[in-house]
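Undergrad: This structure is in structure tokens; I'll ask about it shortly.
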Protein chains: 2
Amino acid sequence: MAIKITDLETPCVLIDLDRVEANLKRAQAEADRLGLNLRPHIKTHKLPRFAKRQVELGAAGITVQKLGEAEVMADAGLTDIFLPYNILGAHKLGRLKALNNRVTLAVTADSPDTVAGYAAAFATGNPLTVLIECDTGMGRCGVQTPAQALALARQIRLAPGLRFGGLMTYPLAGARDKAEAWLAEAKAMLAQDGIDCPVISSGGTPDMWKGHSGSAVTEYRPGTYIYFDRFEVKVGAGNWDDCALTVLATVVSRPTATRAVIDAGTKTLTSDMLGLEGHGRIVGYETAVVKSLSEEHGVIELGAPSDSPRIGETIRIIPNHACVVSNLFDEVHLISGEALVETVPVAARGKVQ
Amino acid sequence: MAIKITDLETPCVLIDLDRVEANLKRAQAEADRLGLNLRPHIKTHKLPRFAKRQVELGAAGITVQKLGEAEVMADAGLTDIFLPYNILGAHKLGRLKALNNRVTLAVTADSPDTVAGYAAAFATGNPLTVLIECDTGMGRCGVQTPAQALALARQIRLAPGLRFGGLMTYPLAGARDKAEAWLAEAKAMLAQDGIDCPVISSGGTPDMWKGHSGSAVTEYRPGTYIYFDRFEVKVGAGNWDDCALTVLATVVSRPTATRAVIDAGTKTLTSDMLGLEGHGRIVGYETAVVKSLSEEHGVIELGAPSDSPRIGETIRIIPNHACVVSNLFDEVHLISGEALVETVPVAARGKVQ
């Protein structure tokens with residue numbers, strides 16, 4: 001007998017397999033149409049099975065954010081991994097070297113120090129592919145100017161154990177034009193120096209569908225598009241019916257006619273606001289506001305006095321940010337419609353190092 | 001040879017054992033002086049060894065927020081556990097019944113529905129102690145009036161399998177007078193009805209040291225006092241030198257003379273702001289601001305252009321909120337001074353159910 005969603009212990013995470021499949025196929029088709037390599041970021045799902053499915057459907061490989069995530073994915077059989085991060089220190093460089101012997105690997109650097117570390121660690125053995133991270137407006141990591149990118153590319157090319165892989169950026173949402181101009185200028189400076197730039201990699205689900213014609217970008221790294229979430233719907237990247245990850249919670253208290261309290265707080269939904277009001281959208285109670293969270297409680301304000309939802313009722317919440325929810329659960333439930341298909345461990349959860 | 005903190009992989013969590021011991025002893029001494037039972041909330045540390053130490057030093061028992069946390073602590077040998085939560089549904093009530101046969105247990109209720117669930121589940125076997133959760137100003141769970149508390153106490157006393165354990169509240173910080181008046185009124189109404197109120201339980205580290213004289217409260221449930229954090233220092237509950245939990249992070253990028261990027265983001269520090277500016281205090285760089293976090297990056301703005309901190313340098317951060325950091329790490333490092341003492345699993349981490 002099939003287990004129904006409503007029979008599951010709460011709080012828990014439900015992943016709608018049909019929506020996942022549709023989201024993956026739609027993005028791959030769009031990437032194909034645009035002539036872009038798709039290299040999905042697995043931080044959103046942290047599940048080897050979905051990484052494999054992304055590759056089966058046509059992805060060039062996967063993106064991870066941590067060495068520990070890369071190791072989990074390599075163990076699961078993924079063979080082409082991009083780790084866009086500065087990897088520092090003897091121990092992590094040792095792990096990187098071991099990983100580079102197992103899979104097709106690329107990393108990033110944004111400073112001479114980081115490149116020097118790679119050059120020393122990879123002086124012998126299989127060469128390491130290094131892309132240059134470019135700060136095209138995000139204000140996080142990255143070289144600040146195309147001239148700095150050129151200098152770093154030269155340093156990489158001088159190191160016998162390193163291969164220059166291209167340019168990588170995480171653009172500021174809504175500032176794509178600036179990013180495009182930055183990357184085009186860097187590419188031209190590299191070309192003038194006789195340096196080929198095989199890959200220009202960009203990312204971010206919010207701008208996934210926007211204007212790639214004439215772009216220097218060759219590869220795209222969306223993450224959240226597999227599940228979407230309340231933020232992605234707000235910025236127009238997807239619709240409510242695309243949202244594949246929901247948190248199932250139980251109403252544990254109805255202190256007043258307009259207040260309901262659920263067993264999902266920041267330990268389930270996190271405190272990520274992403275500029276939104278409230279902490280999620282409640283399916284079937286769309287006018288209700290998830291007003292505040294503490295660690296194990298969520299306080300819902302109903303638009304008007306109501307007996308519903310009742311104590312013991314289960315509700316489904318589309319979170320503000322799906323990626324961070326995946327990181328809080330040891331396992332998630334894969335569903336189809338209202339039925340449980342399988343419960344799986346979140347293999348790359350909590351890989352902070 | 002002793003391992004030094006600076007040899008540890010980052011990001012990671014360091015727990016200063018000497019500070020923990022001092023914090024626990026100071027709180028126990030203060031509770032003794034005030035004639036209050038101390039019942040520490042283990043959500044902050046999630047470590048059986050610290051729960052045991054709290055009891056060794058004189059705590060009446062421990063507080064947990066989830067059945068899963070209670071089960072971990074019972075497995076570890078803790079014998080007196082308070083679970084101030086509405087437990088609903090056949091499966092969870094079954095777990096509660098099993099737990100009630102192993103340890104001295106108490107739970108809460110704030111509605112007739114929840115009490116009815118307990119009454120049915122505990123109709124046979126060992127009786128369950130139930131306290132009534134009171135909303136004295138927090139606006140979360142809890143009965144709304146002393147009259148509702150009285151009605152619920154009567155319902156509990158009519159159920160053969162239940163024992164009325166008293167009143168419980170999590171007061172709104174800074175509104176202690178209102179909470180005290182609420183509880184005193186409820187206690188008087190119960191007394192008028194001939195109902196003894198053995199325990200009146202309150203909580204919250206911020207108000208831990210404030211004015212208990214003449215209070216109706218018999219038991220206190222502080223959590224964060226074991227570690228303190230940036231929020232607790234801001235509200236005056238502790239000093240920087242009391243802060244026992246720090247996140248060790250590595251500077252991975254210095255994109256500009258005033259910007260440093262570390263390998264600790266929301267997957268390490270969470271997005272909890274608690275009304276503060278910035279995401280933590282950097283030990284040794286107190287004028288620097290942890291300006292923004294993404295999942296795996298923290299962006300630090302230095303007060304003035306500087307070469308320090310350099311790429312590869314490790315820094316220690318006192319987080320805004322210690323409890324939520326404990327929940328993100330599979331293990332933490334116990335330290336004394338600058339030396340590693342032991343690395344231990346966070347046994348009650350991720351127990352969402």
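All residue names refer to the structure tokens as shown: chains lettered A, B, ... in order, residues numbered from 1 in each chain, ligands numbered from 1 in order.
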What are the closest atom pairs, with distances in Å to one decimal, for each residue of chain A lying within 7 Å of chain B, using only C-alpha atoms, rows by chain and rising residue number, as a Markdown table?

TA:
| residue | atom | partner | partner_atom | distance |
| --- | --- | --- | --- | --- |
| A:Thr10 | CA | B:Gln353 | CA | 6.2 |
| A:Pro11 | CA | B:Gln353 | CA | 6.3 |
| A:Asn86 | CA | B:Val252 | CA | 6.1 |
| A:Leu88 | CA | B:Gly312 | CA | 6.6 |
| A:Arg140 | CA | B:Val299 | CA | 6.2 |
| A:Cys141 | CA | B:Pro255 | CA | 6.1 |
| A:Gly142 | CA | B:Pro255 | CA | 6.0 |
| A:Val143 | CA | B:Pro255 | CA | 6.0 |
| A:Gln144 | CA | B:Pro255 | CA | 6.6 |
| A:Val252 | CA | B:Asn86 | CA | 6.1 |
| A:Ser253 | CA | B:Cys141 | CA | 6.1 |
| A:Pro255 | CA | B:Gly142 | CA | 6.1 |
| A:Val261 | CA | B:Cys141 | CA | 6.6 |
| A:Ser271 | CA | B:Ser271 | CA | 5.2 |
| A:Asp272 | CA | B:Ser271 | CA | 5.7 |
| A:Val299 | CA | B:Arg140 | CA | 6.3 |
| A:Gly312 | CA | B:Leu88 | CA | 6.6 |
| A:Leu328 | CA | B:Gly350 | CA | 6.7 |
| A:Phe329 | CA | B:Gly350 | CA | 6.7 |
| A:Gly350 | CA | B:Leu328 | CA | 6.7 |
| A:Val352 | CA | B:Pro11 | CA | 6.6 |
| A:Gln353 | CA | B:Thr10 | CA | 6.2 |

Undergrad: Output chain A as a compact mmCIF listing (two decimals) with C-alpha atoms, in the first residue's frame, after least-squares fitting it to chain B on all in-order C-alpha pairs.

TA:
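Saved file selection04.txt follows:
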# COMPACT_ATOMS: atom_id res chain seq x y z
CA MET A 1 52.20 16.50 20.05
CA ALA A 2 49.20 18.71 20.72
CA ILE A 3 47.23 19.82 17.68
CA LYS A 4 46.87 23.57 17.51
CA ILE A 5 43.67 25.33 16.54
CA THR A 6 45.38 26.85 13.53
CA ASP A 7 46.08 23.35 12.16
CA LEU A 8 42.37 22.49 11.92
CA GLU A 9 40.49 22.33 8.65
CA THR A 10 38.08 25.22 8.15
CA PRO A 11 35.34 26.15 8.51
CA CYS A 12 34.84 24.44 11.85
CA VAL A 13 33.46 25.09 15.31
CA LEU A 14 35.67 25.55 18.37
CA ILE A 15 34.28 25.16 21.88
CA ASP A 16 36.41 26.60 24.68
CA LEU A 17 36.08 24.09 27.52
CA ASP A 18 37.39 26.46 30.19
CA ARG A 19 34.81 29.09 29.31
CA VAL A 20 32.05 26.48 29.19
CA GLU A 21 32.94 25.29 32.68
CA ALA A 22 33.02 28.83 34.04
CA ASN A 23 29.70 29.72 32.40
CA LEU A 24 27.99 26.60 33.77
CA LYS A 25 29.29 27.10 37.28
CA ARG A 26 28.39 30.78 37.39
CA ALA A 27 24.80 30.13 36.28
CA GLN A 28 24.35 27.27 38.73
CA ALA A 29 25.67 29.40 41.59
CA GLU A 30 23.29 32.20 40.64
CA ALA A 31 20.34 29.80 40.42
CA ASP A 32 21.25 28.39 43.84
CA ARG A 33 21.45 31.88 45.29
CA LEU A 34 18.01 32.70 43.88
CA GLY A 35 16.55 29.40 45.07
CA LEU A 36 15.63 28.44 41.50
CA ASN A 37 15.89 25.04 39.92
CA LEU A 38 18.10 25.23 36.86
CA ARG A 39 16.95 23.10 33.91
CA PRO A 40 19.31 23.98 31.06
CA HIS A 41 18.10 23.83 27.48
CA ILE A 42 20.42 21.55 25.52
CA LYS A 43 19.41 22.99 22.13
CA THR A 44 22.45 25.27 22.34
CA HIS A 45 25.09 22.54 22.56
CA LYS A 46 23.30 19.30 21.56
CA LEU A 47 26.10 17.37 23.31
CA PRO A 48 25.38 14.68 25.91
CA ARG A 49 28.65 15.40 27.74
CA PHE A 50 27.65 18.99 28.47
CA ALA A 51 24.13 17.95 29.48
CA LYS A 52 25.66 15.52 31.97
CA ARG A 53 28.02 18.18 33.24
CA GLN A 54 25.10 20.58 33.75
CA VAL A 55 23.36 17.96 35.90
CA GLU A 56 26.57 17.10 37.79
CA LEU A 57 26.90 20.76 38.71
CA GLY A 58 23.40 20.84 40.17
CA ALA A 59 20.82 21.18 37.40
CA ALA A 60 17.46 19.60 38.22
CA GLY A 61 17.37 18.02 34.76
CA ILE A 62 17.51 19.17 31.17
CA THR A 63 15.21 20.80 28.64
CA VAL A 64 14.97 19.67 25.02
CA GLN A 65 12.81 20.98 22.17
CA LYS A 66 12.28 17.83 20.13
CA LEU A 67 11.46 14.20 20.81
CA GLY A 68 14.54 13.24 18.79
CA GLU A 69 16.73 15.34 21.09
CA ALA A 70 15.13 13.74 24.14
CA GLU A 71 15.82 10.26 22.75
CA VAL A 72 19.49 11.07 22.14
CA MET A 73 19.84 12.42 25.67
CA ALA A 74 18.02 9.45 27.23
CA ASP A 75 20.30 7.09 25.28
CA ALA A 76 23.27 8.97 26.73
CA GLY A 77 22.05 8.44 30.29
CA LEU A 78 20.19 11.64 31.11
CA THR A 79 17.29 10.74 33.40
CA ASP A 80 15.15 13.87 33.87
CA ILE A 81 13.92 15.56 30.71
CA PHE A 82 11.44 18.37 30.05
CA LEU A 83 10.09 18.65 26.52
CA PRO A 84 8.10 21.89 26.40
CA TYR A 85 6.24 21.19 23.18
CA ASN A 86 2.80 20.02 22.02
CA ILE A 87 3.35 16.43 20.91
CA LEU A 88 0.71 15.32 18.38
CA GLY A 89 -0.07 12.27 16.29
CA ALA A 90 0.00 8.53 16.87
CA HIS A 91 3.62 7.97 15.93
CA LYS A 92 5.10 10.75 18.05
CA LEU A 93 2.81 9.85 20.97
CA GLY A 94 4.10 6.29 20.72
CA ARG A 95 7.68 7.55 20.94
CA LEU A 96 6.68 9.77 23.87
CA LYS A 97 5.17 6.77 25.67
CA ALA A 98 8.35 4.74 25.16
CA LEU A 99 10.44 7.64 26.45
CA ASN A 100 8.17 8.06 29.48
CA ASN A 101 8.99 4.49 30.48
CA ARG A 102 12.72 5.24 30.43
CA VAL A 103 13.15 8.65 32.08
CA THR A 104 11.41 11.18 34.32
CA LEU A 105 9.58 13.11 31.63
CA ALA A 106 7.33 16.13 31.34
CA VAL A 107 5.75 17.77 28.31
CA THR A 108 3.48 20.74 27.70
CA ALA A 109 0.04 21.35 26.22
CA ASP A 110 -1.77 24.55 25.30
CA SER A 111 -5.06 23.21 23.93
CA PRO A 112 -7.81 20.71 24.79
CA ASP A 113 -6.91 18.82 21.58
CA THR A 114 -3.35 18.25 22.70
CA VAL A 115 -4.44 17.19 26.19
CA ALA A 116 -6.98 14.80 24.67
CA GLY A 117 -4.21 13.21 22.61
CA TYR A 118 -2.07 12.71 25.70
CA ALA A 119 -5.03 11.37 27.68
CA ALA A 120 -5.80 8.74 25.04
CA ALA A 121 -2.19 7.67 24.54
CA PHE A 122 -1.51 7.42 28.28
CA ALA A 123 -4.81 5.83 29.33
CA THR A 124 -2.74 2.82 30.38
CA GLY A 125 0.82 2.52 31.63
CA ASN A 126 3.00 5.08 33.38
CA PRO A 127 1.28 8.44 33.78
CA LEU A 128 2.59 11.46 31.87
CA THR A 129 3.35 14.80 33.52
CA VAL A 130 1.90 17.74 31.58
CA LEU A 131 2.61 21.41 32.15
CA ILE A 132 0.50 24.12 30.56
CA GLU A 133 2.25 26.45 28.17
CA CYS A 134 1.26 30.05 28.80
CA ASP A 135 1.61 32.89 26.29
CA THR A 136 2.70 35.66 28.64
CA GLY A 137 3.60 38.06 25.84
CA MET A 138 5.80 36.17 23.37
CA GLY A 139 2.98 35.64 20.86
CA ARG A 140 3.96 32.09 19.98
CA CYS A 141 2.31 29.02 21.55
CA GLY A 142 0.42 29.04 24.81
CA VAL A 143 -2.98 29.59 26.36
CA GLN A 144 -3.94 33.24 26.17
CA THR A 145 -5.44 33.79 29.63
CA PRO A 146 -5.08 32.45 33.19
CA ALA A 147 -8.71 31.29 32.88
CA GLN A 148 -7.75 29.11 29.91
CA ALA A 149 -4.86 27.72 31.95
CA LEU A 150 -7.27 26.79 34.72
CA ALA A 151 -9.64 25.05 32.30
CA LEU A 152 -6.78 23.05 30.82
CA ALA A 153 -5.46 22.11 34.28
CA ARG A 154 -8.91 20.75 35.13
CA GLN A 155 -8.94 18.70 31.92
CA ILE A 156 -5.49 17.28 32.70
CA ARG A 157 -6.54 16.35 36.25
CA LEU A 158 -9.59 14.54 34.96
CA ALA A 159 -7.47 12.26 32.76
CA PRO A 160 -6.38 9.17 34.72
CA GLY A 161 -3.12 8.83 32.80
CA LEU A 162 -2.02 12.45 33.16
CA ARG A 163 -0.51 14.45 36.02
CA PHE A 164 -0.73 18.22 36.12
CA GLY A 165 2.87 19.43 36.36
CA GLY A 166 2.47 23.20 36.51
CA LEU A 167 2.89 26.20 34.22
CA MET A 168 5.53 26.92 31.59
CA THR A 169 6.30 30.07 29.64
CA TYR A 170 8.93 31.50 27.35
CA PRO A 171 8.60 35.16 28.24
CA LEU A 172 9.04 38.01 25.83
CA ALA A 173 12.49 39.45 26.51
CA GLY A 174 12.18 42.74 28.35
CA ALA A 175 8.56 42.12 29.40
CA ARG A 176 9.19 40.12 32.52
CA ASP A 177 6.83 42.12 34.73
CA LYS A 178 3.90 41.29 32.48
CA ALA A 179 4.85 37.63 32.50
CA GLU A 180 5.18 37.59 36.28
CA ALA A 181 1.74 39.14 36.72
CA TRP A 182 0.22 36.62 34.30
CA LEU A 183 1.77 33.64 36.09
CA ALA A 184 0.87 34.93 39.55
CA GLU A 185 -2.75 35.36 38.51
CA ALA A 186 -2.89 31.86 37.01
CA LYS A 187 -1.31 30.37 40.11
CA ALA A 188 -3.87 32.12 42.32
CA MET A 189 -6.77 30.89 40.17
CA LEU A 190 -5.43 27.33 40.36
CA ALA A 191 -5.04 27.62 44.15
CA GLN A 192 -8.59 28.90 44.47
CA ASP A 193 -9.68 25.77 42.64
CA GLY A 194 -7.60 23.61 45.00
CA ILE A 195 -5.05 22.79 42.32
CA ASP A 196 -1.44 22.70 43.42
CA CYS A 197 1.06 24.09 40.94
CA PRO A 198 4.34 22.31 41.67
CA VAL A 199 6.42 23.96 38.93
CA ILE A 200 6.39 27.35 37.24
CA SER A 201 9.02 27.20 34.54
CA SER A 202 10.49 30.14 32.66
CA GLY A 203 13.40 30.52 30.29
CA GLY A 204 15.72 32.61 28.17
CA THR A 205 19.36 33.51 28.75
CA PRO A 206 18.95 37.29 28.15
CA ASP A 207 16.90 37.81 31.32
CA MET A 208 18.63 35.06 33.30
CA TRP A 209 20.10 37.29 35.98
CA LYS A 210 17.27 39.74 36.31
CA GLY A 211 15.09 40.17 39.38
CA HIS A 212 13.75 36.84 40.54
CA SER A 213 12.94 38.09 44.02
CA GLY A 214 9.22 37.74 44.69
CA SER A 215 8.80 35.78 41.47
CA ALA A 216 6.36 32.90 41.13
CA VAL A 217 8.93 31.14 38.92
CA THR A 218 10.43 27.96 40.44
CA GLU A 219 12.51 26.72 37.52
CA TYR A 220 14.61 28.38 34.83
CA ARG A 221 15.57 27.01 31.39
CA PRO A 222 18.45 29.01 29.95
CA GLY A 223 20.17 27.61 26.87
CA THR A 224 22.68 29.98 25.33
CA TYR A 225 24.40 30.77 28.66
CA ILE A 226 26.72 27.79 28.12
CA TYR A 227 28.33 29.44 25.07
CA PHE A 228 26.95 32.97 24.92
CA ASP A 229 27.15 34.75 21.56
CA ARG A 230 27.11 38.18 19.95
CA PHE A 231 23.41 38.68 20.72
CA GLU A 232 23.76 37.74 24.39
CA VAL A 233 26.66 40.15 24.80
CA LYS A 234 24.65 42.89 23.14
CA VAL A 235 21.78 42.45 25.59
CA GLY A 236 24.19 42.34 28.51
CA ALA A 237 23.80 38.69 29.51
CA GLY A 238 27.52 37.99 29.13
CA ASN A 239 30.85 39.46 28.07
CA TRP A 240 33.05 38.77 25.07
CA ASP A 241 35.38 36.76 27.30
CA ASP A 242 32.48 34.46 28.20
CA CYS A 243 31.87 33.50 24.55
CA ALA A 244 32.85 29.85 24.29
CA LEU A 245 31.79 29.02 20.72
CA THR A 246 33.70 30.45 17.80
CA VAL A 247 33.75 29.57 14.12
CA LEU A 248 37.24 29.13 12.71
CA ALA A 249 37.38 30.33 9.10
CA THR A 250 40.07 30.92 6.48
CA VAL A 251 40.50 34.05 4.40
CA VAL A 252 40.21 32.73 0.84
CA SER A 253 40.26 36.00 -1.08
CA ARG A 254 41.39 39.62 -0.74
CA PRO A 255 39.76 41.17 -3.79
CA THR A 256 40.38 44.76 -2.61
CA ALA A 257 42.31 46.57 0.11
CA THR A 258 39.16 46.83 2.24
CA ARG A 259 37.45 43.50 1.39
CA ALA A 260 38.28 40.02 2.65
CA VAL A 261 36.28 36.88 1.84
CA ILE A 262 36.18 33.89 4.19
CA ASP A 263 35.08 30.29 3.74
CA ALA A 264 32.21 30.67 6.22
CA GLY A 265 28.77 31.67 4.96
CA THR A 266 25.20 30.87 5.95
CA LYS A 267 25.99 27.13 5.90
CA THR A 268 28.27 27.89 8.86
CA LEU A 269 26.94 31.02 10.59
CA THR A 270 23.27 30.90 9.43
CA SER A 271 21.29 34.01 8.44
CA ASP A 272 20.15 34.76 11.99
CA MET A 273 20.46 38.50 12.60
CA LEU A 274 18.56 38.86 15.93
CA GLY A 275 18.38 42.58 15.28
CA LEU A 276 22.16 42.96 14.95
CA GLU A 277 24.17 44.60 12.18
CA GLY A 278 26.55 42.19 10.47
CA HIS A 279 26.98 38.46 10.87
CA GLY A 280 29.49 38.08 13.69
CA ARG A 281 32.42 39.59 15.56
CA ILE A 282 35.91 38.76 14.34
CA VAL A 283 38.35 38.17 17.19
CA GLY A 284 41.36 40.43 16.64
CA TYR A 285 39.60 42.42 13.91
CA GLU A 286 36.82 43.92 15.96
CA THR A 287 36.33 46.95 13.73
CA ALA A 288 35.80 44.76 10.65
CA VAL A 289 32.22 44.02 9.65
CA VAL A 290 30.98 40.65 8.38
CA LYS A 291 28.85 42.49 5.89
CA SER A 292 27.13 39.77 3.89
CA LEU A 293 26.95 36.01 3.64
CA SER A 294 26.09 33.65 0.85
CA GLU A 295 26.04 29.93 1.48
CA GLU A 296 29.80 29.33 1.36
CA HIS A 297 31.24 32.86 1.43
CA GLY A 298 31.42 35.57 4.05
CA VAL A 299 32.28 39.08 2.86
CA ILE A 300 34.19 41.19 5.37
CA GLU A 301 34.53 44.92 5.09
CA LEU A 302 37.62 46.28 6.81
CA GLY A 303 37.39 49.67 8.46
CA ALA A 304 40.38 50.93 6.45
CA PRO A 305 42.63 49.58 3.68
CA SER A 306 44.89 46.88 5.11
CA ASP A 307 47.05 43.91 4.11
CA SER A 308 45.62 41.99 7.07
CA PRO A 309 44.02 39.55 7.27
CA ARG A 310 46.01 37.88 4.50
CA ILE A 311 44.90 35.08 2.17
CA GLY A 312 45.28 31.80 4.05
CA GLU A 313 45.04 33.41 7.49
CA THR A 314 42.58 31.80 9.89
CA ILE A 315 40.24 33.98 11.92
CA ARG A 316 37.78 33.24 14.72
CA ILE A 317 34.23 34.57 14.64
CA ILE A 318 31.77 34.92 17.50
CA PRO A 319 28.45 34.27 15.75
CA ASN A 320 25.26 36.25 16.23
CA HIS A 321 23.49 33.12 17.52
CA ALA A 322 25.36 30.11 18.88
CA CYS A 323 22.50 27.55 19.03
CA VAL A 324 21.86 27.52 15.30
CA VAL A 325 25.56 27.08 14.52
CA SER A 326 25.66 23.88 16.61
CA ASN A 327 22.92 22.49 14.40
CA LEU A 328 24.97 22.90 11.21
CA PHE A 329 28.01 20.84 12.18
CA ASP A 330 28.33 17.08 12.40
CA GLU A 331 31.19 17.56 14.85
CA VAL A 332 32.79 20.27 16.95
CA HIS A 333 36.31 20.70 18.32
CA LEU A 334 36.68 21.03 22.09
CA ILE A 335 39.66 23.24 22.90
CA SER A 336 41.59 24.55 25.86
CA GLY A 337 43.49 27.73 25.16
CA GLU A 338 44.98 27.29 21.69
CA ALA A 339 45.11 23.47 21.81
CA LEU A 340 42.68 20.86 20.56
CA VAL A 341 41.45 18.57 23.35
CA GLU A 342 38.99 16.36 21.47
CA THR A 343 36.69 16.31 18.46
CA VAL A 344 33.18 15.11 19.23
CA PRO A 345 30.03 14.39 17.18
CA VAL A 346 27.09 16.74 17.76
CA ALA A 347 24.86 13.85 18.80
CA ALA A 348 21.55 15.74 18.84
CA ARG A 349 22.18 17.74 15.67
CA GLY A 350 19.47 17.77 13.02
CA LYS A 351 16.83 16.09 15.21
CA VAL A 352 13.97 17.90 13.57
CA GLN A 353 11.29 15.40 14.54

Undergrad: Using the chain letters and numbers from this document, which residues of region 183-314 of chain B does DSSP assign to strand (DSSP E), as a VMD selection string?

TA: chain B and resid 199 to 203 219 to 221 245 to 256 259 to 262 280 to 282 289 to 293 298 to 301 314

Undergrad: Could you write out that same residue set with C-alpha atoms as a tab-separated table (two decimals), in the first residue's frame?

TA:
chain	number	residue	atom	x	y	z
B	199	VAL	CA	6.43	23.94	38.93
B	200	ILE	CA	6.38	27.35	37.26
B	201	SER	CA	9.01	27.20	34.55
B	202	SER	CA	10.48	30.16	32.68
B	203	GLY	CA	13.39	30.54	30.29
B	219	GLU	CA	12.52	26.73	37.53
B	220	TYR	CA	14.62	28.38	34.84
B	221	ARG	CA	15.56	27.00	31.40
B	245	LEU	CA	31.78	29.02	20.72
B	246	THR	CA	33.70	30.45	17.78
B	247	VAL	CA	33.75	29.57	14.12
B	248	LEU	CA	37.24	29.13	12.71
B	249	ALA	CA	37.38	30.32	9.10
B	250	THR	CA	40.07	30.90	6.49
B	251	VAL	CA	40.51	34.03	4.42
B	252	VAL	CA	40.23	32.72	0.86
B	253	SER	CA	40.29	36.00	-1.06
B	254	ARG	CA	41.40	39.62	-0.73
B	255	PRO	CA	39.78	41.17	-3.78
B	256	THR	CA	40.39	44.75	-2.59
B	259	ARG	CA	37.47	43.50	1.42
B	260	ALA	CA	38.30	40.01	2.65
B	261	VAL	CA	36.29	36.88	1.85
B	262	ILE	CA	36.19	33.88	4.20
B	280	GLY	CA	29.51	38.08	13.66
B	281	ARG	CA	32.41	39.58	15.56
B	282	ILE	CA	35.90	38.76	14.34
B	289	VAL	CA	32.22	44.01	9.65
B	290	VAL	CA	30.99	40.64	8.37
B	291	LYS	CA	28.86	42.48	5.88
B	292	SER	CA	27.14	39.76	3.89
B	293	LEU	CA	26.97	36.01	3.62
B	298	GLY	CA	31.43	35.57	4.04
B	299	VAL	CA	32.29	39.07	2.86
B	300	ILE	CA	34.20	41.17	5.38
B	301	GLU	CA	34.55	44.91	5.08
B	314	THR	CA	42.58	31.80	9.89

Undergrad: Can you list, as a PyMOL selection string, all residues belonging to region 87-250 of chain A that DSSP tags as alpha helix (DSSP H)?

TA: chain A and resi 90-100+112-121+146-158+176-192+230-234
